Amino acid sequence: MRIGIYGGTFDPVHRGHTAMLENAVRAAELDRVIVLPDRIPPHKAADKLVRGEDRLNMCRLAFEGFDNVTVSDWEIRQQGKSYSVLTLRHFHEVYPDDRLYFIMGSDMLLSFHKWYLYEEILSLAAIAAVSRCDDDSPRLEAYADSLRAKGAEIIISKAEPFEVSSTDIRQRLTAGGDCTDVMDKKVLEYIKTHKLYK
Ligand code: ATP
């Protein structure tokens, strides 16, 4: 089986995330995907994050209609920073006979050599990178080739750009703005009920 591992902060989850997952599923021909909200992202300030439990529930709502997608609380239950290598070690142990595909935006791939134990990541999983803009293609391919030279399997697909980020959404929500164009209705309801991003 080909299993996608899709980690992120998802603070909050939006249509860019769901579109990216669909794109990776098609490009890497994935049989199923595990979505993992992280506890403390290694590269972001974590003190202002919405609680893990809430980010988890929002992901469950956003991906509820997707076949073969499950949302896992594994990273949120761990201690310390959410390093991808630890997550991949865990899922590699749980699914030793399956192939893991680590899903990420191409913006993340370009700094991959700075990730903690990145060579081990490449030995545990293939990378399914989704490109969010046209102009990074040549740079991305050259970078992917340098990783392939180390034996890595890298699949790059191009997504229709969906220009939204959780940062924009948090700002819009705090200002009382409308986000129905970029977010799932049930997630917006959840945010309202739980008075998040005030
Ligand atoms: P923030 O604005 O808080 O940094 P974000 O919207 O970039 O958040 P993350 O949870 O950090 O979201 O992203 C998880 C993954 O989803 C990353 O691999 C990122 O590249 C990808 N991603 C985020 N937004 C989009 C989008 N609009 N289109 C495609 N992929 C996206």
# chains A, B, ... in the order shown; residues from 1 in each chain; ligands from 1
>>> select_by_dssp(residues="stretch 121-155 of chain A", states="helix (DSSP H, G or I)", output="PDB file with all heavy atoms, in the first residue's frame")
ATOM      1  N   ILE A 121      15.101  10.768   6.981  1.00  0.00           N
ATOM      2  CA  ILE A 121      13.728  10.937   6.454  1.00  0.00           C
ATOM      3  C   ILE A 121      13.647  10.309   5.062  1.00  0.00           C
ATOM      4  O   ILE A 121      12.724   9.565   4.746  1.00  0.00           O
ATOM      5  CB  ILE A 121      13.343  12.436   6.376  1.00  0.00           C
ATOM      6  CG1 ILE A 121      13.271  13.040   7.781  1.00  0.00           C
ATOM      7  CG2 ILE A 121      12.012  12.625   5.628  1.00  0.00           C
ATOM      8  CD1 ILE A 121      12.888  14.513   7.826  1.00  0.00           C
ATOM      9  N   LEU A 122      14.658  10.591   4.235  1.00  0.00           N
ATOM     10  CA  LEU A 122      14.647  10.092   2.859  1.00  0.00           C
ATOM     11  C   LEU A 122      14.783   8.568   2.796  1.00  0.00           C
ATOM     12  O   LEU A 122      14.367   7.955   1.820  1.00  0.00           O
ATOM     13  CB  LEU A 122      15.778  10.749   2.046  1.00  0.00           C
ATOM     14  CG  LEU A 122      15.670  12.275   1.890  1.00  0.00           C
ATOM     15  CD1 LEU A 122      16.879  12.826   1.172  1.00  0.00           C
ATOM     16  CD2 LEU A 122      14.391  12.661   1.152  1.00  0.00           C
ATOM     17  N   SER A 123      15.347   7.978   3.845  1.00  0.00           N
ATOM     18  CA  SER A 123      15.454   6.523   3.843  1.00  0.00           C
ATOM     19  C   SER A 123      14.155   5.875   4.331  1.00  0.00           C
ATOM     20  O   SER A 123      13.893   4.710   4.081  1.00  0.00           O
ATOM     21  CB  SER A 123      16.631   6.071   4.712  1.00  0.00           C
ATOM     22  OG  SER A 123      16.302   6.248   6.081  1.00  0.00           O
ATOM     23  N   LEU A 124      13.344   6.658   5.044  1.00  0.00           N
ATOM     24  CA  LEU A 124      12.096   6.111   5.592  1.00  0.00           C
ATOM     25  C   LEU A 124      10.900   6.322   4.675  1.00  0.00           C
ATOM     26  O   LEU A 124       9.914   5.594   4.745  1.00  0.00           O
ATOM     27  CB  LEU A 124      11.778   6.785   6.939  1.00  0.00           C
ATOM     28  CG  LEU A 124      12.724   6.500   8.103  1.00  0.00           C
ATOM     29  CD1 LEU A 124      12.466   7.469   9.246  1.00  0.00           C
ATOM     30  CD2 LEU A 124      12.531   5.052   8.579  1.00  0.00           C
ATOM     31  N   ASP A 134       4.358  28.524 -10.446  1.00  0.00           N
ATOM     32  CA  ASP A 134       5.054  28.088 -11.658  1.00  0.00           C
ATOM     33  C   ASP A 134       6.544  28.366 -11.626  1.00  0.00           C
ATOM     34  O   ASP A 134       7.346  27.571 -12.086  1.00  0.00           O
ATOM     35  CB  ASP A 134       4.486  28.823 -12.880  1.00  0.00           C
ATOM     36  CG  ASP A 134       3.194  28.162 -13.300  1.00  0.00           C
ATOM     37  OD1 ASP A 134       3.013  26.983 -12.920  1.00  0.00           O
ATOM     38  OD2 ASP A 134       2.390  28.813 -13.979  1.00  0.00           O
ATOM     39  N   ASP A 135       6.903  29.536 -11.086  1.00  0.00           N
ATOM     40  CA  ASP A 135       8.289  29.961 -11.248  1.00  0.00           C
ATOM     41  C   ASP A 135       9.308  29.175 -10.433  1.00  0.00           C
ATOM     42  O   ASP A 135      10.492  29.292 -10.651  1.00  0.00           O
ATOM     43  CB  ASP A 135       8.444  31.472 -10.998  1.00  0.00           C
ATOM     44  CG  ASP A 135       7.453  31.972  -9.982  1.00  0.00           C
ATOM     45  OD1 ASP A 135       6.259  31.866 -10.298  1.00  0.00           O
ATOM     46  OD2 ASP A 135       7.856  32.407  -8.896  1.00  0.00           O
ATOM     47  N   ASP A 136       8.845  28.310  -9.499  1.00  0.00           N
ATOM     48  CA  ASP A 136       9.853  27.576  -8.741  1.00  0.00           C
ATOM     49  C   ASP A 136      10.218  26.240  -9.397  1.00  0.00           C
ATOM     50  O   ASP A 136      11.074  25.523  -8.912  1.00  0.00           O
ATOM     51  CB  ASP A 136       9.423  27.381  -7.278  1.00  0.00           C
ATOM     52  CG  ASP A 136       8.168  26.539  -7.132  1.00  0.00           C
ATOM     53  OD1 ASP A 136       7.603  26.155  -8.166  1.00  0.00           O
ATOM     54  OD2 ASP A 136       7.770  26.273  -5.996  1.00  0.00           O
ATOM     55  N   SER A 137       9.599  25.910 -10.548  1.00  0.00           N
ATOM     56  CA  SER A 137       9.807  24.587 -11.160  1.00  0.00           C
ATOM     57  C   SER A 137      11.260  24.215 -11.467  1.00  0.00           C
ATOM     58  O   SER A 137      11.715  23.163 -11.026  1.00  0.00           O
ATOM     59  CB  SER A 137       8.996  24.456 -12.435  1.00  0.00           C
ATOM     60  OG  SER A 137       7.686  24.240 -12.114  1.00  0.00           O
ATOM     61  N   PRO A 138      12.016  25.057 -12.209  1.00  0.00           N
ATOM     62  CA  PRO A 138      13.383  24.650 -12.538  1.00  0.00           C
ATOM     63  C   PRO A 138      14.247  24.469 -11.281  1.00  0.00           C
ATOM     64  O   PRO A 138      15.005  23.513 -11.163  1.00  0.00           O
ATOM     65  CB  PRO A 138      13.918  25.829 -13.380  1.00  0.00           C
ATOM     66  CG  PRO A 138      12.719  26.600 -13.795  1.00  0.00           C
ATOM     67  CD  PRO A 138      11.658  26.350 -12.796  1.00  0.00           C
ATOM     68  N   ARG A 139      14.073  25.382 -10.319  1.00  0.00           N
ATOM     69  CA  ARG A 139      14.834  25.331  -9.078  1.00  0.00           C
ATOM     70  C   ARG A 139      14.484  24.057  -8.298  1.00  0.00           C
ATOM     71  O   ARG A 139      15.329  23.356  -7.758  1.00  0.00           O
ATOM     72  CB  ARG A 139      14.491  26.559  -8.233  1.00  0.00           C
ATOM     73  CG  ARG A 139      15.599  27.023  -7.319  1.00  0.00           C
ATOM     74  CD  ARG A 139      15.503  28.505  -7.047  1.00  0.00           C
ATOM     75  NE  ARG A 139      14.233  28.871  -6.431  1.00  0.00           N
ATOM     76  CZ  ARG A 139      14.061  29.075  -5.117  1.00  0.00           C
ATOM     77  NH1 ARG A 139      15.072  28.943  -4.290  1.00  0.00           N
ATOM     78  NH2 ARG A 139      12.895  29.425  -4.636  1.00  0.00           N
ATOM     79  N   LEU A 140      13.192  23.769  -8.318  1.00  0.00           N
ATOM     80  CA  LEU A 140      12.681  22.616  -7.590  1.00  0.00           C
ATOM     81  C   LEU A 140      13.205  21.308  -8.181  1.00  0.00           C
ATOM     82  O   LEU A 140      13.640  20.416  -7.457  1.00  0.00           O
ATOM     83  CB  LEU A 140      11.158  22.650  -7.707  1.00  0.00           C
ATOM     84  CG  LEU A 140      10.347  21.975  -6.640  1.00  0.00           C
ATOM     85  CD1 LEU A 140      10.663  22.560  -5.288  1.00  0.00           C
ATOM     86  CD2 LEU A 140       8.862  22.163  -6.956  1.00  0.00           C
ATOM     87  N   GLU A 141      13.170  21.212  -9.512  1.00  0.00           N
ATOM     88  CA  GLU A 141      13.642  19.994 -10.186  1.00  0.00           C
ATOM     89  C   GLU A 141      15.130  19.774  -9.911  1.00  0.00           C
ATOM     90  O   GLU A 141      15.556  18.650  -9.646  1.00  0.00           O
ATOM     91  CB  GLU A 141      13.386  20.067 -11.692  1.00  0.00           C
ATOM     92  CG  GLU A 141      11.980  19.646 -12.100  1.00  0.00           C
ATOM     93  CD  GLU A 141      11.593  18.226 -11.642  1.00  0.00           C
ATOM     94  OE1 GLU A 141      12.489  17.372 -11.446  1.00  0.00           O
ATOM     95  OE2 GLU A 141      10.393  17.977 -11.450  1.00  0.00           O
ATOM     96  N   ALA A 142      15.910  20.867  -9.988  1.00  0.00           N
ATOM     97  CA  ALA A 142      17.351  20.746  -9.746  1.00  0.00           C
ATOM     98  C   ALA A 142      17.606  20.287  -8.311  1.00  0.00           C
ATOM     99  O   ALA A 142      18.445  19.421  -8.048  1.00  0.00           O
ATOM    100  CB  ALA A 142      18.039  22.082  -9.999  1.00  0.00           C
ATOM    101  N   TYR A 143      16.849  20.861  -7.399  1.00  0.00           N
ATOM    102  CA  TYR A 143      16.999  20.500  -5.986  1.00  0.00           C
ATOM    103  C   TYR A 143      16.600  19.032  -5.769  1.00  0.00           C
ATOM    104  O   TYR A 143      17.293  18.273  -5.083  1.00  0.00           O
ATOM    105  CB  TYR A 143      16.133  21.427  -5.127  1.00  0.00           C
ATOM    106  CG  TYR A 143      16.361  21.238  -3.658  1.00  0.00           C
ATOM    107  CD1 TYR A 143      17.413  21.870  -3.007  1.00  0.00           C
ATOM    108  CD2 TYR A 143      15.535  20.403  -2.916  1.00  0.00           C
ATOM    109  CE1 TYR A 143      17.639  21.677  -1.660  1.00  0.00           C
ATOM    110  CE2 TYR A 143      15.757  20.197  -1.571  1.00  0.00           C
ATOM    111  CZ  TYR A 143      16.795  20.835  -0.940  1.00  0.00           C
ATOM    112  OH  TYR A 143      17.021  20.638   0.398  1.00  0.00           O
ATOM    113  N   ALA A 144      15.461  18.637  -6.400  1.00  0.00           N
ATOM    114  CA  ALA A 144      14.990  17.250  -6.266  1.00  0.00           C
ATOM    115  C   ALA A 144      16.034  16.287  -6.826  1.00  0.00           C
ATOM    116  O   ALA A 144      16.290  15.232  -6.232  1.00  0.00           O
ATOM    117  CB  ALA A 144      13.659  17.074  -6.991  1.00  0.00           C
ATOM    118  N   ASP A 145      16.678  16.672  -7.934  1.00  0.00           N
ATOM    119  CA  ASP A 145      17.711  15.801  -8.519  1.00  0.00           C
ATOM    120  C   ASP A 145      18.870  15.590  -7.556  1.00  0.00           C
ATOM    121  O   ASP A 145      19.439  14.502  -7.491  1.00  0.00           O
ATOM    122  CB  ASP A 145      18.230  16.404  -9.834  1.00  0.00           C
ATOM    123  CG  ASP A 145      17.268  16.090 -10.981  1.00  0.00           C
ATOM    124  OD1 ASP A 145      16.418  15.185 -10.809  1.00  0.00           O
ATOM    125  OD2 ASP A 145      17.363  16.750 -12.030  1.00  0.00           O
ATOM    126  N   SER A 146      19.215  16.647  -6.806  1.00  0.00           N
ATOM    127  CA  SER A 146      20.329  16.494  -5.866  1.00  0.00           C
ATOM    128  C   SER A 146      19.949  15.509  -4.750  1.00  0.00           C
ATOM    129  O   SER A 146      20.795  14.785  -4.234  1.00  0.00           O
ATOM    130  CB  SER A 146      20.754  17.853  -5.291  1.00  0.00           C
ATOM    131  OG  SER A 146      19.773  18.334  -4.404  1.00  0.00           O
ATOM    132  N   LEU A 147      18.677  15.462  -4.389  1.00  0.00           N
ATOM    133  CA  LEU A 147      18.235  14.489  -3.376  1.00  0.00           C
ATOM    134  C   LEU A 147      18.118  13.088  -3.986  1.00  0.00           C
ATOM    135  O   LEU A 147      18.442  12.084  -3.348  1.00  0.00           O
ATOM    136  CB  LEU A 147      16.889  14.904  -2.772  1.00  0.00           C
ATOM    137  CG  LEU A 147      16.852  16.225  -1.999  1.00  0.00           C
ATOM    138  CD1 LEU A 147      15.432  16.520  -1.513  1.00  0.00           C
ATOM    139  CD2 LEU A 147      17.792  16.197  -0.794  1.00  0.00           C
ATOM    140  N   ARG A 148      17.682  13.045  -5.260  1.00  0.00           N
ATOM    141  CA  ARG A 148      17.566  11.738  -5.942  1.00  0.00           C
ATOM    142  C   ARG A 148      18.939  11.095  -6.069  1.00  0.00           C
ATOM    143  O   ARG A 148      19.069   9.879  -6.000  1.00  0.00           O
ATOM    144  CB  ARG A 148      16.940  11.916  -7.332  1.00  0.00           C
ATOM    145  CG  ARG A 148      15.449  12.228  -7.265  1.00  0.00           C
ATOM    146  CD  ARG A 148      14.854  12.427  -8.651  1.00  0.00           C
ATOM    147  NE  ARG A 148      13.474  12.853  -8.582  1.00  0.00           N
ATOM    148  CZ  ARG A 148      12.988  13.951  -9.162  1.00  0.00           C
ATOM    149  NH1 ARG A 148      13.769  14.730  -9.897  1.00  0.00           N
ATOM    150  NH2 ARG A 148      11.716  14.257  -9.017  1.00  0.00           N
TER     151      ARG A 148
END
>>> residues_around(residues="A:Gln78", least_positions_apart="5", cutoff="10 Å", atoms="only C-alpha atoms", output="MDAnalysis selection string")
chainID A and resid 38:40 73 86:87
>>> residues_near_ligand(ligand="ligand 1", cutoff="6 Å", atoms="only C-alpha atoms and all ligand atoms", output="ChimeraX atom specification")
/A:8-11,16-17,20,104-105,107-108,132,162-167
>>> atom_distance(atom1="atom CA of A:His14", atom2="atom CA of A:Arg99")
27.0 Å
>>> residues_around(residues="A:Gln171", least_positions_apart="6", cutoff="12 Å", atoms="only C-alpha atoms", output="count of residues only")
10
>>> closest_residue(among="A:Asp168, A:Glu189, A:Glu119, A:Glu53", to="A:Trp74", atoms="only C-alpha atoms")
A:Glu53
>>> closest_residue(among="A:Ala159, A:Leu30, A:Met183, A:Leu110", to="A:Tyr6", atoms="only C-alpha atoms")
A:Leu30
>>> select_by_dssp(residues="stretch 26-98 of chain A", states="strand (DSSP E or B)", output="PyMOL selection string")
chain A and resi 32-37+69-71
>>> write_last_selection(atoms="N, CA and C atoms", output="PDB file, in the first residue's frame")
ATOM      1  N   ARG A  32      -4.026   5.673   0.785  1.00  0.00           N
ATOM      2  CA  ARG A  32      -4.625   6.343   1.943  1.00  0.00           C
ATOM      3  C   ARG A  32      -3.665   7.412   2.470  1.00  0.00           C
ATOM      4  N   VAL A  33      -4.214   8.330   3.254  1.00  0.00           N
ATOM      5  CA  VAL A  33      -3.381   9.417   3.805  1.00  0.00           C
ATOM      6  C   VAL A  33      -3.663   9.570   5.300  1.00  0.00           C
ATOM      7  N   ILE A  34      -2.602   9.803   6.053  1.00  0.00           N
ATOM      8  CA  ILE A  34      -2.742  10.101   7.483  1.00  0.00           C
ATOM      9  C   ILE A  34      -2.381  11.579   7.669  1.00  0.00           C
ATOM     10  N   VAL A  35      -3.325  12.351   8.182  1.00  0.00           N
ATOM     11  CA  VAL A  35      -3.111  13.789   8.431  1.00  0.00           C
ATOM     12  C   VAL A  35      -2.703  13.951   9.892  1.00  0.00           C
ATOM     13  N   LEU A  36      -1.617  14.703  10.102  1.00  0.00           N
ATOM     14  CA  LEU A  36      -1.087  14.840  11.467  1.00  0.00           C
ATOM     15  C   LEU A  36      -0.866  16.287  11.864  1.00  0.00           C
ATOM     16  N   PRO A  37      -1.775  16.879  12.617  1.00  0.00           N
ATOM     17  CA  PRO A  37      -1.477  18.204  13.175  1.00  0.00           C
ATOM     18  C   PRO A  37      -0.287  18.073  14.123  1.00  0.00           C
ATOM     19  N   VAL A  69      -8.874   8.957   4.157  1.00  0.00           N
ATOM     20  CA  VAL A  69      -8.056   9.933   4.898  1.00  0.00           C
ATOM     21  C   VAL A  69      -8.391   9.789   6.383  1.00  0.00           C
ATOM     22  N   THR A  70      -7.366   9.622   7.218  1.00  0.00           N
ATOM     23  CA  THR A  70      -7.615   9.613   8.653  1.00  0.00           C
ATOM     24  C   THR A  70      -6.793  10.725   9.293  1.00  0.00           C
ATOM     25  N   VAL A  71      -7.299  11.259  10.388  1.00  0.00           N
ATOM     26  CA  VAL A  71      -6.581  12.315  11.106  1.00  0.00           C
ATOM     27  C   VAL A  71      -6.036  11.676  12.379  1.00  0.00           C
TER      28      VAL A  71
END
>>> closest_residue(among="A:Phe112, A:Phe63, A:Phe91, A:Tyr83", to="A:Ala125", atoms="only C-alpha atoms")
A:Phe91
>>> closest_residue(among="A:Ala19, A:Gly7, A:Lys186, A:His113", to="A:Ile76", atoms="only C-alpha atoms")
A:Gly7
